[in-house]
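Peer 1: As input, take coords-v2.txt (compact mmCIF, C-alpha atoms):
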# COMPACT_ATOMS: atom_id res chain seq x y z
CA MET A 1 -14.23 42.42 5.19
CA GLU A 2 -11.20 44.05 6.73
CA VAL A 3 -8.39 41.76 7.80
CA THR A 4 -5.60 42.69 10.18
CA ILE A 5 -2.76 40.27 10.83
CA ILE A 6 -0.75 40.87 13.95
CA ASN A 7 2.58 39.05 14.28
CA ILE A 8 3.45 38.25 17.88
CA GLY A 9 6.38 35.93 17.37
CA LYS A 10 6.31 32.99 15.02
CA VAL A 11 3.52 30.80 16.26
CA HIS A 12 1.43 33.42 18.02
CA THR A 13 0.13 35.26 14.99
CA LYS A 14 -3.35 36.66 15.41
CA ILE A 15 -5.86 37.88 12.90
CA THR A 16 -8.72 40.26 13.38
CA THR A 17 -11.54 40.35 10.89
CA SER A 18 -14.26 42.90 10.91
CA ALA A 19 -17.35 43.15 8.79
CA LYS A 20 -20.24 45.59 9.28
CA GLY A 21 -18.80 46.83 12.56
CA GLY A 22 -18.44 43.36 14.16
CA GLY A 23 -15.05 41.76 14.63
CA LYS A 24 -13.56 38.52 15.82
CA SER A 25 -10.13 37.31 16.68
CA LEU A 26 -8.77 34.05 15.26
CA GLU A 27 -5.80 31.98 16.35
CA GLY A 28 -4.12 28.65 15.63
CA ASP A 29 -5.75 26.26 13.16
CA GLU A 30 -8.84 28.45 12.85
CA LEU A 31 -6.67 31.30 11.66
CA ILE A 32 -4.80 29.04 9.23
CA PHE A 33 -8.09 27.78 7.72
CA SER A 34 -9.44 31.29 7.48
CA LEU A 35 -6.41 32.44 5.50
CA LEU A 36 -6.35 29.33 3.29
CA GLN A 37 -9.94 29.91 2.20
CA GLU A 38 -9.10 33.09 0.30
CA GLN A 39 -6.97 33.10 -2.84
CA GLY A 40 -5.33 36.39 -1.78
CA THR A 41 -4.28 35.18 1.67
CA TYR A 42 -3.62 31.53 0.79
CA ASP A 43 0.16 31.82 0.86
CA ASP A 44 0.06 33.66 4.20
CA GLY A 45 -2.05 30.83 5.58
CA PHE A 46 0.32 28.23 4.26
CA ARG A 47 3.34 30.08 5.62
CA LEU A 48 1.67 30.18 9.01
CA LEU A 49 0.98 26.44 8.80
CA VAL A 50 4.67 25.79 8.07
CA GLN A 51 5.73 28.06 10.95
CA THR A 52 3.32 26.41 13.36
CA TYR A 53 4.04 22.78 12.60
CA SER A 54 7.52 22.52 11.07
CA GLU A 55 9.39 22.00 14.35
CA ARG A 56 7.07 19.26 15.64
CA LEU A 57 6.98 17.50 12.30
CA TYR A 58 10.74 17.83 11.94
CA GLN A 59 11.32 16.01 15.25
CA HIS A 60 8.97 13.23 14.19
CA VAL A 61 10.48 12.84 10.72
CA ARG A 62 14.04 13.06 12.09
CA ARG A 63 13.35 10.25 14.54
CA MET A 64 11.94 8.18 11.71
CA VAL A 65 14.70 8.68 9.13
CA GLY A 66 17.75 9.39 11.31
CA THR A 67 19.87 12.13 9.77
CA HIS A 68 19.17 15.84 9.39
CA GLU A 69 19.76 15.75 5.62
CA ASP A 70 17.21 13.01 5.09
CA ALA A 71 14.74 14.66 7.47
CA ASN A 72 15.06 17.92 5.53
CA ASP A 73 14.32 16.19 2.21
CA VAL A 74 11.34 14.29 3.62
CA LEU A 75 9.94 17.37 5.36
CA GLN A 76 10.14 19.50 2.21
CA ASP A 77 8.30 16.81 0.23
CA CYS A 78 5.80 16.55 3.03
CA PHE A 79 4.96 20.28 2.99
CA LEU A 80 4.71 20.31 -0.79
CA LYS A 81 2.20 17.50 -0.55
CA VAL A 82 0.29 19.45 2.08
CA TYR A 83 0.21 22.50 -0.21
CA ARG A 84 -1.16 20.45 -3.11
CA ASN A 85 -3.72 18.52 -1.08
CA ILE A 86 -4.97 20.97 1.51
CA SER A 87 -8.15 21.50 -0.56
CA ARG A 88 -9.08 17.87 0.18
CA PHE A 89 -8.67 18.29 3.94
CA GLU A 90 -11.93 17.94 5.82
CA GLN A 91 -12.10 20.51 8.55
CA ASN A 92 -14.02 18.24 10.90
CA SER A 93 -10.78 16.33 11.61
CA LYS A 94 -7.72 17.72 13.36
CA LEU A 95 -5.12 19.46 11.22
CA PHE A 96 -2.17 18.12 13.20
CA THR A 97 -3.26 14.46 12.84
CA TRP A 98 -3.60 14.99 9.08
CA LEU A 99 -0.13 16.54 8.94
CA TYR A 100 1.33 13.68 10.98
CA ARG A 101 -0.31 11.23 8.61
CA ILE A 102 1.39 12.84 5.61
CA ALA A 103 4.73 13.14 7.44
CA THR A 104 4.58 9.50 8.57
CA ASN A 105 3.66 8.23 5.12
CA GLU A 106 6.44 10.26 3.51
CA SER A 107 8.92 8.91 6.07
CA LEU A 108 7.78 5.32 5.53
CA THR A 109 8.07 5.73 1.76
CA PHE A 110 11.58 7.14 2.21
CA LEU A 111 12.61 4.27 4.51
CA GLU A 112 11.22 1.72 2.07
CA LYS A 113 13.23 3.26 -0.78
CA ARG A 114 16.36 3.35 1.34
CA LYS A 115 15.87 -0.28 2.34
CA ARG A 116 15.51 -1.32 -1.31
CA ASN A 117 18.66 0.57 -2.29
CA ARG A 118 20.63 -0.92 0.60
CA THR A 119 19.41 -4.41 -0.10
CA SER A 120 20.62 -4.15 -3.68
CA SER A 121 23.92 -2.49 -2.77
CA PHE A 122 24.69 -4.96 0.08
CA ASP A 123 23.70 -7.87 -2.13
CA GLY A 124 21.07 -9.19 0.24
CA GLN A 125 23.04 -8.78 3.48
CA GLU A 126 20.96 -7.65 6.42
CA ALA A 127 22.04 -4.48 8.13
CA THR A 128 23.08 -5.05 11.73
CA TRP A 129 21.92 -2.85 14.58
CA HIS A 130 25.40 -1.31 14.58
CA GLY A 131 24.72 -0.28 11.00
CA ARG A 132 21.33 1.10 11.91
CA MET A 133 22.89 2.98 14.80
CA SER A 134 25.07 4.84 12.32
CA THR A 135 21.91 6.35 10.82
CA THR A 136 21.08 7.95 14.17
CA ASP A 137 23.67 10.64 14.48
CA ASN A 138 23.45 11.16 18.23
CA VAL A 139 27.11 10.45 18.84
CA ASP A 140 27.30 13.01 21.62
CA GLY A 141 24.23 11.78 23.47
CA ASP A 142 24.61 9.83 26.67
CA LYS A 143 24.78 6.08 26.71
CA THR A 144 21.14 5.41 27.55
CA VAL A 145 19.86 7.76 24.86
CA ARG A 146 22.12 6.10 22.30
CA ALA A 147 20.93 2.72 23.47
CA LEU A 148 17.31 3.81 23.14
CA GLU A 149 17.89 5.16 19.64
CA ALA A 150 19.69 2.00 18.60
CA ALA A 151 16.82 -0.06 19.96
CA ILE A 152 14.19 2.03 18.11
CA ALA A 153 16.23 1.64 14.93
CA THR A 154 15.78 -2.13 15.12
CA LEU A 155 11.96 -1.84 15.00
CA PRO A 156 10.08 -2.35 11.73
CA SER A 157 9.24 1.05 10.19
CA LYS A 158 5.53 1.10 11.03
CA GLN A 159 6.12 0.00 14.60
CA LYS A 160 8.78 2.67 14.89
CA ALA A 161 6.20 5.28 13.84
CA VAL A 162 3.75 3.99 16.45
CA PHE A 163 6.35 4.03 19.20
CA ASN A 164 7.61 7.53 18.33
CA LEU A 165 4.14 9.06 18.20
CA ARG A 166 3.23 7.60 21.57
CA TYR A 167 6.52 7.85 23.45
CA TYR A 168 7.96 11.11 22.14
CA GLU A 169 4.96 13.00 20.75
CA GLU A 170 2.73 11.79 23.62
CA MET A 171 -0.19 11.41 21.25
CA SER A 172 -3.44 9.78 22.36
CA TYR A 173 -4.46 6.51 20.71
CA ALA A 174 -7.47 8.27 19.18
CA ASP A 175 -5.25 10.82 17.44
CA MET A 176 -2.77 8.14 16.43
CA SER A 177 -5.63 6.16 14.95
CA ALA A 178 -6.60 9.17 12.82
CA ALA A 179 -2.99 9.84 11.83
CA LEU A 180 -2.05 6.26 10.95
CA GLU A 181 -5.50 5.06 9.80
CA THR A 182 -5.25 2.01 12.06
CA SER A 183 -7.55 0.84 14.85
CA GLU A 184 -6.75 1.89 18.40
CA GLY A 185 -6.57 -1.77 19.48
CA ALA A 186 -3.97 -2.60 16.86
CA LEU A 187 -1.93 0.49 17.78
CA LYS A 188 -2.02 -0.38 21.47
CA ALA A 189 -0.83 -3.92 20.76
CA SER A 190 1.92 -2.63 18.47
CA TYR A 191 3.11 -0.08 21.05
CA HIS A 192 3.14 -2.60 23.90
CA HIS A 193 5.11 -5.03 21.78
CA ALA A 194 7.59 -2.29 20.79
CA VAL A 195 8.16 -1.25 24.41
CA LYS A 196 8.97 -4.84 25.40
CA LYS A 197 11.36 -5.27 22.47
CA ILE A 198 13.15 -1.99 23.20
CA GLU A 199 13.57 -2.75 26.87
CA ALA A 200 14.99 -6.19 26.11
CA PHE A 201 17.34 -4.76 23.46
CA ILE A 202 18.71 -2.04 25.75
CA LYS A 203 19.31 -4.43 28.65
CA GLU A 204 21.09 -6.83 26.35
CA ASN A 205 23.23 -4.31 24.46
CA MET A 206 23.91 -1.47 26.90
CA ASP A 207 27.46 -2.69 27.59
CA LYS A 208 28.33 -2.83 23.91
CA LEU A 209 27.60 0.87 23.38
CA MET B 1 -0.13 17.80 32.40
CA ASN B 2 -2.92 16.94 29.98
CA LYS B 3 -4.88 13.68 30.05
CA SER B 4 -3.15 12.17 27.04
CA VAL B 5 0.30 12.60 28.60
CA GLN B 6 -0.95 11.32 31.94
CA ASP B 7 -2.44 8.22 30.28
CA MET B 8 0.75 7.60 28.34
CA LYS B 9 2.89 7.76 31.48
CA GLU B 10 0.61 5.48 33.46
CA GLU B 11 0.60 2.98 30.62
CA LEU B 12 4.40 3.11 30.37
CA LYS B 13 4.76 2.74 34.12
CA GLU B 14 2.89 -0.56 33.88
CA LEU B 15 4.68 -1.73 30.76
CA SER B 16 8.25 -0.66 31.45
CA PRO B 17 9.25 1.51 34.43
CA PHE B 18 12.74 1.44 32.96
CA LEU B 19 11.65 3.30 29.81
CA LEU B 20 9.55 5.71 31.85
CA GLU B 21 12.57 6.55 33.94
CA MET B 22 14.58 7.20 30.77
CA LYS B 23 11.83 9.43 29.44
CA ASP B 24 11.60 11.46 32.65
CA LYS B 25 15.36 11.81 32.90
CA LYS B 26 15.95 13.13 29.43
CA GLN B 27 13.60 13.94 26.58
CA PRO B 28 15.97 14.05 23.64
CA ILE B 29 15.27 16.80 21.15
CA LYS B 30 17.13 16.44 17.89
CA GLU B 31 19.58 19.23 17.29
CA VAL B 32 19.12 21.24 14.12
CA PRO B 33 21.51 23.62 12.32
CA GLU B 34 21.12 27.28 13.27
CA HIS B 35 18.28 29.13 11.46
CA TYR B 36 17.23 25.88 9.86
CA PHE B 37 13.50 26.54 10.27
CA ASP B 38 13.79 29.98 8.64
CA PHE B 39 15.61 28.34 5.75
CA LEU B 40 12.97 25.58 5.56
CA GLU B 41 10.10 28.06 5.51
CA ASN B 42 11.67 30.18 2.77
CA SER B 43 12.67 27.16 0.73
CA ILE B 44 9.16 25.71 0.85
CA MET B 45 7.52 29.04 0.03
CA GLU B 46 9.88 29.44 -2.91
CA GLN B 47 8.93 26.01 -4.25
CA VAL B 48 5.19 26.53 -3.82
CA SER B 49 5.35 29.94 -5.50
CA LEU B 50 5.97 28.06 -8.76
CA GLU B 51 2.73 26.12 -8.33
CA GLN B 52 -0.85 27.14 -9.00
CA THR B 53 -2.48 28.35 -5.79
CA PRO B 54 -5.19 25.98 -4.61
CA THR B 55 -7.87 27.08 -2.14
CA LEU B 56 -9.36 25.31 0.80
CA GLN B 57 -12.97 24.33 0.06
CA THR B 58 -15.24 26.09 2.48
CA THR B 59 -18.21 24.62 4.24
CA THR B 60 -20.15 27.84 3.58
CA GLY B 61 -20.65 26.96 -0.07
CA GLN B 62 -18.41 29.58 -1.64
CA ARG B 63 -16.49 27.13 -3.83
CA VAL B 64 -18.45 23.91 -3.88
CA SER B 65 -17.99 21.84 -7.03
CA ILE B 66 -20.57 19.60 -8.73
CA TYR B 67 -18.23 16.69 -8.02
CA SER B 68 -18.41 17.31 -4.28
CA ILE B 69 -22.20 17.63 -4.39
CA PHE B 70 -22.53 14.32 -6.17
CA PHE B 71 -20.30 12.61 -3.64
CA ASN B 72 -22.22 14.03 -0.73
CA TRP B 73 -24.17 10.84 0.04
CA LYS B 74 -27.43 12.55 0.99
CA MET B 75 -27.48 14.63 -2.14
CA GLY B 76 -26.42 11.64 -4.26
CA LEU B 77 -29.20 9.49 -2.82
CA SER B 78 -31.82 12.20 -3.41
CA LEU B 79 -30.72 12.67 -7.02
CA SER B 80 -30.75 8.91 -7.64
CA VAL B 81 -34.28 8.53 -6.24
CA LEU B 82 -35.50 11.48 -8.30
CA PHE B 83 -33.92 9.99 -11.42
CA LEU B 84 -35.57 6.61 -10.80
CA VAL B 85 -39.01 8.19 -10.27
CA VAL B 86 -38.75 10.22 -13.49
CA ALA B 87 -37.49 7.17 -15.44
CA ALA B 88 -40.33 5.00 -14.09
CA PHE B 89 -42.91 7.69 -15.04
CA ILE B 90 -41.60 8.00 -18.61
CA PHE B 91 -41.47 4.21 -19.02
CA GLN B 92 -45.04 3.81 -17.73
CA LYS B 93 -46.28 6.55 -20.03
CA GLY B 94 -44.64 4.88 -23.01
CA MET B 95 -46.28 1.56 -22.17
CA ASP B 96 -49.74 3.18 -21.93
CA SER B 97 -49.54 4.90 -25.27
CA THR B 98 -48.44 1.67 -27.04
CA GLY B 99 -51.23 -0.26 -25.34
CA ASN B 100 -53.85 2.30 -26.35
CA ALA B 101 -52.71 2.28 -29.97
CA ALA B 102 -53.02 -1.51 -30.11
CA MET B 103 -56.54 -1.38 -28.74
CA GLN B 104 -57.64 1.24 -31.25
CA PHE B 105 -56.29 -0.81 -34.16
CA SER B 106 -58.12 -3.94 -33.02
CA ASP B 107 -61.37 -1.97 -32.76
CA LEU B 108 -61.36 -1.34 -36.56
CA THR B 109 -63.59 -3.55 -38.70
CA TYR B 110 -62.32 -5.30 -41.85
CA ASP B 111 -64.48 -3.04 -44.04
CA GLU B 112 -63.06 0.07 -42.42
CA MET B 113 -59.49 -1.14 -42.98
CA TYR B 114 -60.28 -2.12 -46.61
CA GLN B 115 -61.89 1.23 -47.24
CA TYR B 116 -58.89 3.06 -45.77
CA MET B 117 -56.39 1.11 -47.87
CA ASN B 118 -58.49 1.54 -51.02
CA ASP B 119 -58.70 5.30 -50.48
CA ASN B 120 -54.97 5.61 -49.81
CA ILE B 121 -53.57 3.01 -52.20
CA ASP B 122 -51.22 5.54 -53.81
CA THR B 123 -49.42 6.15 -50.54
CA PHE B 124 -48.35 2.48 -50.20
CA ASP B 125 -45.45 1.15 -52.22
CA GLU B 126 -45.27 -2.48 -53.22
CA TYR B 127 -42.77 -3.46 -50.56
CA SER B 128 -44.89 -2.20 -47.71
CA LEU B 129 -47.78 -4.38 -48.93
CA THR B 130 -45.74 -7.61 -48.91
CA ASP B 131 -44.21 -9.51 -46.05
CA GLU B 132 -40.65 -8.77 -47.04
CA GLU B 133 -38.94 -11.20 -44.71
CA ASN B 134 -40.83 -14.22 -46.08
CA SER B 135 -40.96 -13.14 -49.66
CA ALA B 136 -39.92 -15.97 -52.02
CA LEU B 137 -38.70 -13.34 -54.45
CA ASP B 138 -36.09 -12.27 -51.99
CA LEU B 139 -34.84 -15.79 -51.32
CA ILE B 140 -34.46 -17.03 -54.95
CA GLU B 141 -31.93 -15.48 -57.17
CA ILE B 142 -33.37 -15.47 -60.67
CA ASN B 143 -31.01 -15.63 -63.59
CA THR B 144 -31.08 -17.08 -67.13
CA GLU B 145 -29.61 -20.42 -66.14
CA SER B 146 -32.04 -21.12 -63.34
CA ALA B 147 -35.00 -19.99 -65.46
CA THR B 148 -33.99 -22.36 -68.34
CA GLU B 149 -33.54 -25.25 -65.91
CA TYR B 150 -36.97 -24.58 -64.39
CA LEU B 151 -38.66 -24.57 -67.81
CA LEU B 152 -36.93 -27.78 -69.02
CA GLU B 153 -37.92 -29.52 -65.83
CA GLY B 154 -41.49 -28.38 -66.37
CA ILE B 155 -41.52 -29.73 -69.93
CA GLU B 156 -40.25 -33.12 -68.83
CA THR B 157 -42.81 -33.52 -66.12
CA SER B 158 -45.77 -32.16 -68.12
CA ASP B 159 -48.08 -34.21 -70.28
CA LEU B 160 -47.75 -33.01 -73.89
CA GLU B 161 -51.42 -33.53 -74.49
CA ASP B 162 -52.21 -31.02 -71.84
CA LEU B 163 -50.18 -28.44 -73.68
CA LEU B 164 -51.94 -28.90 -77.03
Show me, as structure tokens, the structure contained in the file I just sent.

Peer 2:
Amino acid sequence: MEVTIINIGKVHTKITTSAKGGGKSLEGDELIFSLLQEQGTYDDGFRLLVQTYSERLYQHVRRMVGTHEDANDVLQDCFLKVYRNISRFEQNSKLFTWLYRIATNESLTFLEKRKRNRTSSFDGQEATWHGRMSTTDNVDGDKTVRALEAAIATLPSKQKAVFNLRYYEEMSYADMSAALETSEGALKASYHHAVKKIEAFIKENMDKL
Amino acid sequence: MNKSVQDMKEELKELSPFLLEMKDKKQPIKEVPEHYFDFLENSIMEQVSLEQTPTLQTTTGQRVSIYSIFFNWKMGLSLSVLFLVVAAFIFQKGMDSTGNAAMQFSDLTYDEMYQYMNDNIDTFDEYSLTDEENSALDLIEINTESATEYLLEGIETSDLEDLL
């Protein structure tokens, strides 16, 4: 089998395979899977996966954990986990929902650790929303964006993940269900509740920002 | 606009027009340092280069392990049924042979058994001819003391005239 990889920018890599005179062109996830199936092209496939999904996953992780430094740490751990576990991935589900699942779980684990550390260092004091706001480093953003970020920061971690995936990533409930391993009904209820809480928080605190 | 985005906006319009307005006005993208994604890619590839390369399991059967076959439920069920059938067959066969042997033994006459034992007496040792579990010899420990006691007791209870 002859394989030709054509780089057309970062995400638009194409591959052409030909065997016994026939040839076919692969793109996107199909191309990534094709490369990951061969020992010799595995690293190329993984590199392509990182190129394709790192920006989307970064935005999601950054919204979950707040700062760039933390997002970088979580994202690196996330991709290492992907590298080690890709052999377990079942190709009948969507790659991006699987990646979001890993990224969300890594972010939640990170937030849980951070919460434990803060609880011990603050001797049981609860962090205020002003404190949480300091973890979102959008100091240059306009007032409403800052208010929205402060409001999201007050949500419990899992509800925050639900809100972010729906509001920012515009993911369908079916995909969210696959990514978060939760029923669509429960996700819908969680999202609706989060929206109401955020709206109430912003209206109440807009003047203080 | 795809259906998922359309659905999300309609849902948000019903829930909170205020948040929808914020979303339409500005979709905040988090700023990242320059060339960060190139750095991230290289850093990750450097870290994974130290690890053993795994491979994605194919559905075409190139690298299918025994483990995965066993945990394929259809294959697992088939193997279990096959195992049960074979086990049942072997068990049944064992029962038949034992039953047949018992019948053949009961068909023998006393004379035939006596004749067989008489002809092959040399092949039996003394233990195989006694019921070992109920043997009195096994239960009583014989020593000098107990033998003397037994004899004295016998003398006391016996009529001397009978001995003469």

Peer 1: Please provide as a list of chain:residue names all residues within 8 Å of region 62-64 of chain A, with the sequence filter that same-chain residues fewer than 5 positions apart are discarded (counting all atoms listed in the file).

Peer 2: A:Asp70, A:Ala71, A:Ser107, A:Leu108, A:Ser157, A:Lys160, A:Ala161, A:Asn164, B:Lys30

Peer 1: Would you pick out the contacts of Lys208 (chain A) at 12 Å or less, using all atoms listed in the file, so that residues sharing its chain but fewer than 4 positions from it are not included, and give the list as a PyMOL selection string?

Peer 2: chain A and resi 129-130+143-144+146-147+150+201-204

Peer 1: What residues in chain A lie within 6 Å of chain B, counting only C-alpha atoms, written as a list in words?

Peer 2: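 Therefore, the residues near the partner are Leu36, Gln37, Ser87, Glu170 and Ser172 of chain A.
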
Peer 1: So the first atom is CA of Thr97 (chain A) and the second is CA of Asp175 (chain A); what is the distance between them in Å, to one decimal place?

Peer 2: 6.2 Å

Peer 1: When you draw a straight line from CA of Ser34 (chain A) to CA of Val50 (chain A), how long is it in Å?

Peer 2: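 So the two atoms, CA of Ser34 (chain A) and CA of Val50 (chain A), lie 15.2 Å apart.
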
Peer 1: Could you please determine the separation between CA of Lys188 (chain A) and CA of Thr154 (chain A) in Å, to one decimal place?

Peer 2: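 Answer for the CA of Lys188 (chain A) to CA of Thr154 (chain A) separation: 19.0 Å.
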
Peer 1: Extract, using all atoms listed in the file, all DNA, RNA and protein residues at most 10 Å from Phe163 (chain A), discarding same-chain residues fewer than 5 positions from it, and format them as a list in words.

Peer 2: Ile152, Leu155, Ser157, Lys158, Tyr168, Glu169, Glu170, Leu187, Lys188, Ser190, Tyr191, His192, His193, Ala194, Val195 and Ile198 of chain A

Peer 1: Please check which residues have atoms at most 8 Å from (5.5, 13.5, 5.5) in the file's coordinates, counting all atoms listed in the file, and write them as a ChimeraX atom specification.

Peer 2: /A:61,74-75,77-79,81,99-107

Peer 1: Taking (-4.2, 26.2, 9.3) as a centre in this file's frame and 12 Å as the limit, can you find every polymer residue with an atom that close, using all atoms listed in the file, and give them as a ChimeraX atom specification?

Peer 2: /A:11,13,26-37,41-53,82-83,86-87,89-91,94-96,98-99 /B:56
